[in-house]
Amino acid sequence: MDYFPIFLRLAGEPVLVVGGGAVAERKIDLLLRTSAQVRVIAPELVPGLAERAAAGEITHVATEFSPEHLDGVRLAIAATDKRAINAWVARQAERRNIPVNVVDDRELSRFIVPAIVDRSPVVVAVGSSGDAPVLTRRLRERLESFLPQRLGALAKLAGKLRPTIKARIEDPARRRRFWENFFDGTLAADVLSGREDAADPELPGRIADAVAQIVRTVPDSGEVVLVGAGPGDPGLLTLRALRALQNADVILYDRLVSAEVLDLARRDAERINVGKTAGGAQVSQEEINTLLVQLAQQGKRVCRLKGGDPFIFGRGGEELEALAAAGVRFEVVPGVTAAAGCAAYAGIPLTHRDHAQSLVFVTGHTKSEAGEGDDAIDWDQLARPAQTVVFYMGLGQLERIFSRLRAHGAPESRAAAIVEQGTRAEQRVVTGTLADLAQKAREAGVQSPALLIVGEVTRLHETLQWFNATAAYSVSKQVRLTA
Ligand code: SAH
């Protein structure tokens with residue numbers, strides 16, 4: 001981040017604008033949304049600015065710029081059509097440590113002005129550090145269309161209620177929960193939809209009851225939300241997962257959770273890595289269970305974030321049993337499991353009228369080479385045709401899986417694919433058959449996490465990958481390899 005975003009309080013503060021043309025006028029219109037004292041240095045003004053000067057909204061100094069105009073100024077904007085003058089203003093402002101913007105000139109500017117969505121007191125600012133102004137404007141338009149018009153009214157009402165709530169709810173964590181309930185509740189919906197007039201002077205009195213009611217319903221105890229983070233691409237998070245991430249006081253996450261997903265969590269949430277790391281200390285399942293219970297009992301809102309779906313080879317069930325035993329409230333948010341994510345991004349339909357009428361998810365992580373612990377797996381069933389079998393955690397056991405399948409009747413020509421780092425920018429797909437895929441995976445140096453998909457549907461990858469926009473990364477990689 002080369003630019004640090006801040007909101008500057010300009011009420012009553014002197015701001016200098018050099019230039020009196022249309023460009024200056026646009027910036028001045030923006031500045032006047034605050035109650036800054038705008039002083040304009042320009043021999044002449046366009047009619048719009050002249051009117052503003054006549055009305056006393058701005059002060060006009062009808063002269064060329066000279067450095068003493070900067071004395072005592074909080075902020076300066078150079079908006080003349082002469083680069084030399086703008087550069088001179090910028091240099092002088094820099095010398096005095098006055099933040100300066102030269103309109104449309106990133107090099108000369110100390111600060112740049114973002115695109116804004118104004119729902120005062122709520123203001124959303126969007127910037128691209130000057131790299132892509134058109135993209136920034138697009139984003140602004142999208143935000144504009146989805147932020148309710150009366151958002152500002154709601155924020156003002158909240159501002160009015162703040163002192164009361166602060167006095168009534170001492171604990172900051174409970175207070176935050178009050179506000180979350182408040183903004184999710186009917187009162188807020190009524191203000192946003194215009195059914196309640198937030199500016200009505202009687203409103204704060206009338207809502208006292210509603211507030212008391214919300215205060216009563218804010219729970220003191222913590223809770224755990226068990227959240228499926230999906231296979232990596234943050235675009236695959238559900239809206240509920242996103243909300244849980246943003247409401248959490250503490251986040252316990254696994255190794256499989258991608259950095260991009262974690263990045264969406266509330267900034268000040270505590271993050272605890274309970275994943276196994278190569279060489280790092282491993283947190284046992286019992287320790288995780290105990291930690292979840294303890295944190296919730298301290299009144300924290302805990303987000304337990306797991307790769308994929310928490311109930312598919314995620315030991316989510318065990319964690320919930322521990323929570324239930326301790327009487328801790330919980331919630332489960334399902335996620336896109338690796339099989340669904342990898343298949344979509346690799347162009348492999350998991351079922352297909354011609355090739356697969358059923359689908360099996362199985363763990364490839366069974367106990368020993370000699371086959372102990374294998375008993376629980378029905379290899380006869382997995383070896384049958386007309387189905388797709390997805391092996392989670394199977395990478396370390398490819399040879400054994402393939403030899404088992406063959407020993408139980410699968411032909412060596414049966415197609416299979418491995419998807420490494422599925423749905424992420426680094427995704428790779430290796431295809432083959434039961435006869436050669438293990439060898440190919442070794443040659444390609446496939447690493448964990450990787451998913452093994454066995455079945456004729458994997459042959460579709462060849463055709464579908466070229467048109468599959470979700471797999472754009474892996475396709476472009478392959479194009480490079482074949483070119
Ligand atoms: N609960 C998870 C699975 C956890 S088991 C889910 O629903 O997806 C861990 C195994 O999942 C890994 O060994 C690998 O086989 C698979 N896996 C998880 N994320 C993956 C990814 N992005 N790409 C490929 N395989 C993945």
# chains A, B, ... in the order shown; residues from 1 in each chain; ligands from 1
call {"tool": "closest_atom_pairs", "arguments": {"of": "chain A", "to": "ligand 1", "cutoff": "8 Å", "atoms": "only C-alpha atoms and all ligand atoms", "output": "JSON lines"}}
result
{"residue": "A:Gly228", "atom": "CA", "partner": "ligand 1", "partner_atom_place_in_ligand_line": "1 (N)", "distance": 7.4}
{"residue": "A:Gly230", "atom": "CA", "partner": "ligand 1", "partner_atom_place_in_ligand_line": "8 (O)", "distance": 6.6}
{"residue": "A:Pro231", "atom": "CA", "partner": "ligand 1", "partner_atom_place_in_ligand_line": "22 (N)", "distance": 4.1}
{"residue": "A:Gly232", "atom": "CA", "partner": "ligand 1", "partner_atom_place_in_ligand_line": "22 (N)", "distance": 5.4}
{"residue": "A:Leu256", "atom": "CA", "partner": "ligand 1", "partner_atom_place_in_ligand_line": "19 (N)", "distance": 6.1}
{"residue": "A:Lys306", "atom": "CA", "partner": "ligand 1", "partner_atom_place_in_ligand_line": "1 (N)", "distance": 6.5}
{"residue": "A:Gly307", "atom": "CA", "partner": "ligand 1", "partner_atom_place_in_ligand_line": "2 (C)", "distance": 5.0}
{"residue": "A:Gly308", "atom": "CA", "partner": "ligand 1", "partner_atom_place_in_ligand_line": "6 (C)", "distance": 3.4}
{"residue": "A:Asp309", "atom": "CA", "partner": "ligand 1", "partner_atom_place_in_ligand_line": "7 (O)", "distance": 3.7}
{"residue": "A:Pro310", "atom": "CA", "partner": "ligand 1", "partner_atom_place_in_ligand_line": "1 (N)", "distance": 5.0}
{"residue": "A:Phe311", "atom": "CA", "partner": "ligand 1", "partner_atom_place_in_ligand_line": "1 (N)", "distance": 6.4}
{"residue": "A:Ile312", "atom": "CA", "partner": "ligand 1", "partner_atom_place_in_ligand_line": "7 (O)", "distance": 4.6}
{"residue": "A:Phe313", "atom": "CA", "partner": "ligand 1", "partner_atom_place_in_ligand_line": "4 (C)", "distance": 4.9}
{"residue": "A:Gly314", "atom": "CA", "partner": "ligand 1", "partner_atom_place_in_ligand_line": "1 (N)", "distance": 4.1}
{"residue": "A:Arg315", "atom": "CA", "partner": "ligand 1", "partner_atom_place_in_ligand_line": "1 (N)", "distance": 7.9}
{"residue": "A:Gly335", "atom": "CA", "partner": "ligand 1", "partner_atom_place_in_ligand_line": "7 (O)", "distance": 7.1}
{"residue": "A:Val336", "atom": "CA", "partner": "ligand 1", "partner_atom_place_in_ligand_line": "7 (O)", "distance": 6.7}
{"residue": "A:Thr337", "atom": "CA", "partner": "ligand 1", "partner_atom_place_in_ligand_line": "7 (O)", "distance": 3.6}
{"residue": "A:Ala338", "atom": "CA", "partner": "ligand 1", "partner_atom_place_in_ligand_line": "8 (O)", "distance": 3.6}
{"residue": "A:Ala339", "atom": "CA", "partner": "ligand 1", "partner_atom_place_in_ligand_line": "8 (O)", "distance": 6.5}
{"residue": "A:Gly341", "atom": "CA", "partner": "ligand 1", "partner_atom_place_in_ligand_line": "22 (N)", "distance": 7.6}
{"residue": "A:Cys342", "atom": "CA", "partner": "ligand 1", "partner_atom_place_in_ligand_line": "23 (N)", "distance": 6.1}
{"residue": "A:Thr363", "atom": "CA", "partner": "ligand 1", "partner_atom_place_in_ligand_line": "5 (S)", "distance": 7.9}
{"residue": "A:Phe391", "atom": "CA", "partner": "ligand 1", "partner_atom_place_in_ligand_line": "15 (O)", "distance": 6.6}
{"residue": "A:Tyr392", "atom": "CA", "partner": "ligand 1", "partner_atom_place_in_ligand_line": "15 (O)", "distance": 3.7}
{"residue": "A:Met393", "atom": "CA", "partner": "ligand 1", "partner_atom_place_in_ligand_line": "13 (O)", "distance": 3.3}
{"residue": "A:Gly394", "atom": "CA", "partner": "ligand 1", "partner_atom_place_in_ligand_line": "15 (O)", "distance": 6.1}
{"residue": "A:Leu395", "atom": "CA", "partner": "ligand 1", "partner_atom_place_in_ligand_line": "15 (O)", "distance": 7.0}
{"residue": "A:Val419", "atom": "CA", "partner": "ligand 1", "partner_atom_place_in_ligand_line": "24 (C)", "distance": 5.5}
{"residue": "A:Glu420", "atom": "CA", "partner": "ligand 1", "partner_atom_place_in_ligand_line": "24 (C)", "distance": 4.8}
{"residue": "A:Gln421", "atom": "CA", "partner": "ligand 1", "partner_atom_place_in_ligand_line": "23 (N)", "distance": 3.8}
{"residue": "A:Gly422", "atom": "CA", "partner": "ligand 1", "partner_atom_place_in_ligand_line": "23 (N)", "distance": 3.5}
{"residue": "A:Thr423", "atom": "CA", "partner": "ligand 1", "partner_atom_place_in_ligand_line": "22 (N)", "distance": 5.9}
{"residue": "A:Arg424", "atom": "CA", "partner": "ligand 1", "partner_atom_place_in_ligand_line": "22 (N)", "distance": 6.6}
{"residue": "A:Gln427", "atom": "CA", "partner": "ligand 1", "partner_atom_place_in_ligand_line": "23 (N)", "distance": 7.5}
{"residue": "A:Ser448", "atom": "CA", "partner": "ligand 1", "partner_atom_place_in_ligand_line": "13 (O)", "distance": 6.3}
{"residue": "A:Pro449", "atom": "CA", "partner": "ligand 1", "partner_atom_place_in_ligand_line": "25 (N)", "distance": 4.5}
{"residue": "A:Ala450", "atom": "CA", "partner": "ligand 1", "partner_atom_place_in_ligand_line": "24 (C)", "distance": 3.8}
{"residue": "A:Leu451", "atom": "CA", "partner": "ligand 1", "partner_atom_place_in_ligand_line": "15 (O)", "distance": 4.1}
{"residue": "A:Leu452", "atom": "CA", "partner": "ligand 1", "partner_atom_place_in_ligand_line": "15 (O)", "distance": 6.9}
call {"tool": "write_last_selection", "arguments": {"atoms": "N, CA and C atoms", "output": "compact mmCIF listing (two decimals), in the first residue's frame"}}
result
# COMPACT_ATOMS: atom_id res chain seq x y z
N GLY A 228 -17.12 -23.33 6.85
CA GLY A 228 -16.40 -23.90 5.71
C GLY A 228 -15.83 -22.78 4.87
N GLY A 230 -14.15 -23.14 2.07
CA GLY A 230 -13.98 -23.49 0.66
C GLY A 230 -12.54 -23.88 0.37
N PRO A 231 -12.26 -24.25 -0.88
CA PRO A 231 -10.95 -24.80 -1.22
C PRO A 231 -9.84 -23.77 -1.45
N GLY A 232 -10.14 -22.48 -1.44
CA GLY A 232 -9.04 -21.52 -1.61
C GLY A 232 -9.48 -20.20 -2.20
N LEU A 256 -5.24 -25.46 5.62
CA LEU A 256 -5.80 -25.41 4.27
C LEU A 256 -6.51 -24.09 3.94
N LYS A 306 -12.49 -23.78 8.59
CA LYS A 306 -11.88 -25.00 8.06
C LYS A 306 -11.88 -24.99 6.54
N GLY A 307 -10.88 -25.61 5.94
CA GLY A 307 -10.83 -25.69 4.49
C GLY A 307 -12.03 -26.49 3.98
N GLY A 308 -12.55 -26.12 2.82
CA GLY A 308 -13.64 -26.88 2.21
C GLY A 308 -14.91 -26.80 3.03
N ASP A 309 -15.53 -27.95 3.24
CA ASP A 309 -16.73 -28.04 4.07
C ASP A 309 -16.35 -28.66 5.41
N PRO A 310 -16.88 -28.12 6.52
CA PRO A 310 -16.43 -28.62 7.82
C PRO A 310 -16.86 -30.06 8.12
N PHE A 311 -17.90 -30.52 7.43
CA PHE A 311 -18.40 -31.87 7.72
C PHE A 311 -17.88 -32.91 6.74
N ILE A 312 -17.01 -32.50 5.84
CA ILE A 312 -16.46 -33.49 4.90
C ILE A 312 -14.96 -33.64 5.20
N PHE A 313 -14.61 -34.72 5.82
CA PHE A 313 -13.23 -34.99 6.27
C PHE A 313 -12.65 -33.78 7.00
N GLY A 314 -13.47 -33.13 7.80
CA GLY A 314 -12.99 -31.94 8.49
C GLY A 314 -13.04 -32.06 10.00
N ARG A 315 -13.46 -33.17 10.52
CA ARG A 315 -13.58 -33.43 11.95
C ARG A 315 -14.49 -32.41 12.64
N GLY A 335 -19.46 -25.20 3.48
CA GLY A 335 -18.55 -24.60 2.51
C GLY A 335 -18.48 -25.44 1.24
N VAL A 336 -17.87 -24.88 0.23
CA VAL A 336 -17.66 -25.64 -1.01
C VAL A 336 -16.54 -26.64 -0.75
N THR A 337 -16.87 -27.90 -0.84
CA THR A 337 -15.87 -28.92 -0.56
C THR A 337 -14.87 -29.03 -1.71
N ALA A 338 -13.67 -29.52 -1.40
CA ALA A 338 -12.60 -29.57 -2.40
C ALA A 338 -13.07 -30.28 -3.68
N ALA A 339 -13.85 -31.34 -3.55
CA ALA A 339 -14.27 -32.08 -4.75
C ALA A 339 -15.08 -31.18 -5.67
N GLY A 341 -15.18 -27.82 -5.71
CA GLY A 341 -14.37 -26.70 -6.19
C GLY A 341 -13.38 -27.13 -7.26
N CYS A 342 -12.62 -28.18 -6.96
CA CYS A 342 -11.59 -28.64 -7.90
C CYS A 342 -12.23 -29.07 -9.21
N THR A 363 -11.72 -41.21 1.92
CA THR A 363 -10.41 -40.75 2.37
C THR A 363 -9.33 -41.71 1.88
N PHE A 391 -10.89 -39.15 -4.03
CA PHE A 391 -10.07 -39.46 -2.86
C PHE A 391 -9.51 -38.17 -2.26
N TYR A 392 -9.89 -37.90 -1.04
CA TYR A 392 -9.28 -36.80 -0.28
C TYR A 392 -8.04 -37.37 0.40
N MET A 393 -7.02 -36.54 0.58
CA MET A 393 -5.80 -36.95 1.29
C MET A 393 -5.19 -38.21 0.70
N GLY A 394 -5.23 -38.33 -0.63
CA GLY A 394 -4.76 -39.57 -1.23
C GLY A 394 -3.38 -39.45 -1.87
N LEU A 395 -2.83 -38.24 -1.88
CA LEU A 395 -1.60 -38.02 -2.65
C LEU A 395 -0.46 -38.95 -2.24
N VAL A 419 -5.91 -32.92 -9.06
CA VAL A 419 -5.98 -31.47 -9.07
C VAL A 419 -5.18 -30.96 -7.87
N GLU A 420 -4.13 -30.23 -8.17
CA GLU A 420 -3.27 -29.70 -7.11
C GLU A 420 -3.65 -28.24 -6.88
N GLN A 421 -3.75 -27.83 -5.61
CA GLN A 421 -4.08 -26.44 -5.26
C GLN A 421 -5.32 -25.95 -6.00
N GLY A 422 -6.34 -26.80 -5.99
CA GLY A 422 -7.54 -26.49 -6.76
C GLY A 422 -8.16 -25.14 -6.40
N THR A 423 -8.67 -24.45 -7.40
CA THR A 423 -9.35 -23.15 -7.34
C THR A 423 -8.42 -21.99 -7.02
N ARG A 424 -7.16 -22.28 -6.78
CA ARG A 424 -6.22 -21.19 -6.49
C ARG A 424 -5.49 -20.80 -7.78
N GLN A 427 -3.37 -23.50 -9.36
CA GLN A 427 -3.97 -24.81 -9.70
C GLN A 427 -3.26 -25.50 -10.87
N SER A 448 0.94 -31.40 -1.93
CA SER A 448 -0.30 -31.24 -1.19
C SER A 448 -0.67 -29.75 -1.13
N PRO A 449 -1.94 -29.35 -1.09
CA PRO A 449 -3.11 -30.20 -1.16
C PRO A 449 -3.44 -30.61 -2.60
N ALA A 450 -3.79 -31.87 -2.73
CA ALA A 450 -4.14 -32.37 -4.06
C ALA A 450 -5.26 -33.38 -3.92
N LEU A 451 -6.13 -33.38 -4.90
CA LEU A 451 -7.31 -34.23 -4.87
C LEU A 451 -7.23 -35.21 -6.02
N LEU A 452 -7.54 -36.46 -5.72
CA LEU A 452 -7.53 -37.49 -6.77
C LEU A 452 -8.96 -37.80 -7.19
call {"tool": "select_by_dssp", "arguments": {"residues": "range 134-334 of chain A", "states": "strand (DSSP E or B)", "output": "JSON, numbers by chain"}}
result
{"A": [223, 224, 225, 226, 227, 228, 230, 250, 251, 252, 253, 270, 271, 272, 273, 301, 302, 303, 304, 305, 306, 308, 329, 330, 331, 332, 333]}
call {"tool": "residues_around", "arguments": {"residues": "Val332 in chain A", "least_positions_apart": "2", "cutoff": "10 Å", "atoms": "only C-alpha atoms", "output": "list in words"}}
result
Val224, Val225, Leu226, Val227, Gly228, Arg240, Ala241, Cys303, Arg304, Asp309, Pro310, Phe311, Gly316, Leu320, Phe330, Pro334 and Gly335 of chain A
call {"tool": "select_by_dssp", "arguments": {"residues": "range 96-255 of chain A", "states": "helix (DSSP H, G or I)", "output": "ChimeraX atom specification"}}
result
/A:133-146,151-168,172-184,186-193,203-206,208-217,234-236,239-247
call {"tool": "residues_around", "arguments": {"residues": "Val389 in chain A", "least_positions_apart": "6", "cutoff": "9 Å", "atoms": "only C-alpha atoms", "output": "number ranges by chain"}}
result
A: 350, 358-362, 382-383, 452-455
call {"tool": "residues_around", "arguments": {"residues": "Arg267 in chain A", "least_positions_apart": "5", "cutoff": "10 Å", "atoms": "only C-alpha atoms", "output": "number ranges by chain"}}
result
A: 245-246, 249, 262
call {"tool": "write_last_selection", "arguments": {"atoms": "N, CA, C and O atoms", "output": "PDB file, in the first residue's frame"}}
result
ATOM      1  N   LEU A 245     -16.914 -14.305   9.532  1.00  0.00           N
ATOM      2  CA  LEU A 245     -15.524 -13.832   9.576  1.00  0.00           C
ATOM      3  C   LEU A 245     -15.458 -12.404  10.076  1.00  0.00           C
ATOM      4  O   LEU A 245     -14.520 -12.004  10.749  1.00  0.00           O
ATOM      5  N   GLN A 246     -16.474 -11.620   9.712  1.00  0.00           N
ATOM      6  CA  GLN A 246     -16.407 -10.215  10.073  1.00  0.00           C
ATOM      7  C   GLN A 246     -16.958  -9.945  11.460  1.00  0.00           C
ATOM      8  O   GLN A 246     -16.718  -8.883  12.018  1.00  0.00           O
ATOM      9  N   ASP A 249     -14.597 -12.506  17.149  1.00  0.00           N
ATOM     10  CA  ASP A 249     -13.557 -11.944  18.022  1.00  0.00           C
ATOM     11  C   ASP A 249     -12.256 -12.725  17.835  1.00  0.00           C
ATOM     12  O   ASP A 249     -11.175 -12.172  17.916  1.00  0.00           O
ATOM     13  N   LEU A 262      -8.523 -15.502   4.788  1.00  0.00           N
ATOM     14  CA  LEU A 262      -8.251 -14.914   6.107  1.00  0.00           C
ATOM     15  C   LEU A 262      -8.245 -13.395   6.056  1.00  0.00           C
ATOM     16  O   LEU A 262      -8.626 -12.714   7.005  1.00  0.00           O
TER      17      LEU A 262
END
call {"tool": "atom_distance", "arguments": {"atom1": "CA of Arg110 in chain A", "atom2": "CA of Val123 in chain A"}}
result
21.4 Å
call {"tool": "residues_around", "arguments": {"residues": "range 84-98 of chain A", "least_positions_apart": "2", "cutoff": "6 Å", "atoms": "only C-alpha atoms", "output": "PyMOL selection string"}}
result
chain A and resi 75+78+82
call {"tool": "write_last_selection", "arguments": {"atoms": "N, CA and C atoms", "output": "compact mmCIF listing (two decimals), in the first residue's frame"}}
result
# COMPACT_ATOMS: atom_id res chain seq x y z
N LEU A 75 -4.30 22.26 3.67
CA LEU A 75 -4.31 21.38 2.51
C LEU A 75 -4.24 22.27 1.28
N ALA A 78 -3.52 22.12 -6.45
CA ALA A 78 -3.10 22.91 -7.61
C ALA A 78 -3.91 22.44 -8.80
N LYS A 82 -1.43 25.01 -16.18
CA LYS A 82 0.01 25.11 -16.48
C LYS A 82 0.81 24.23 -15.54
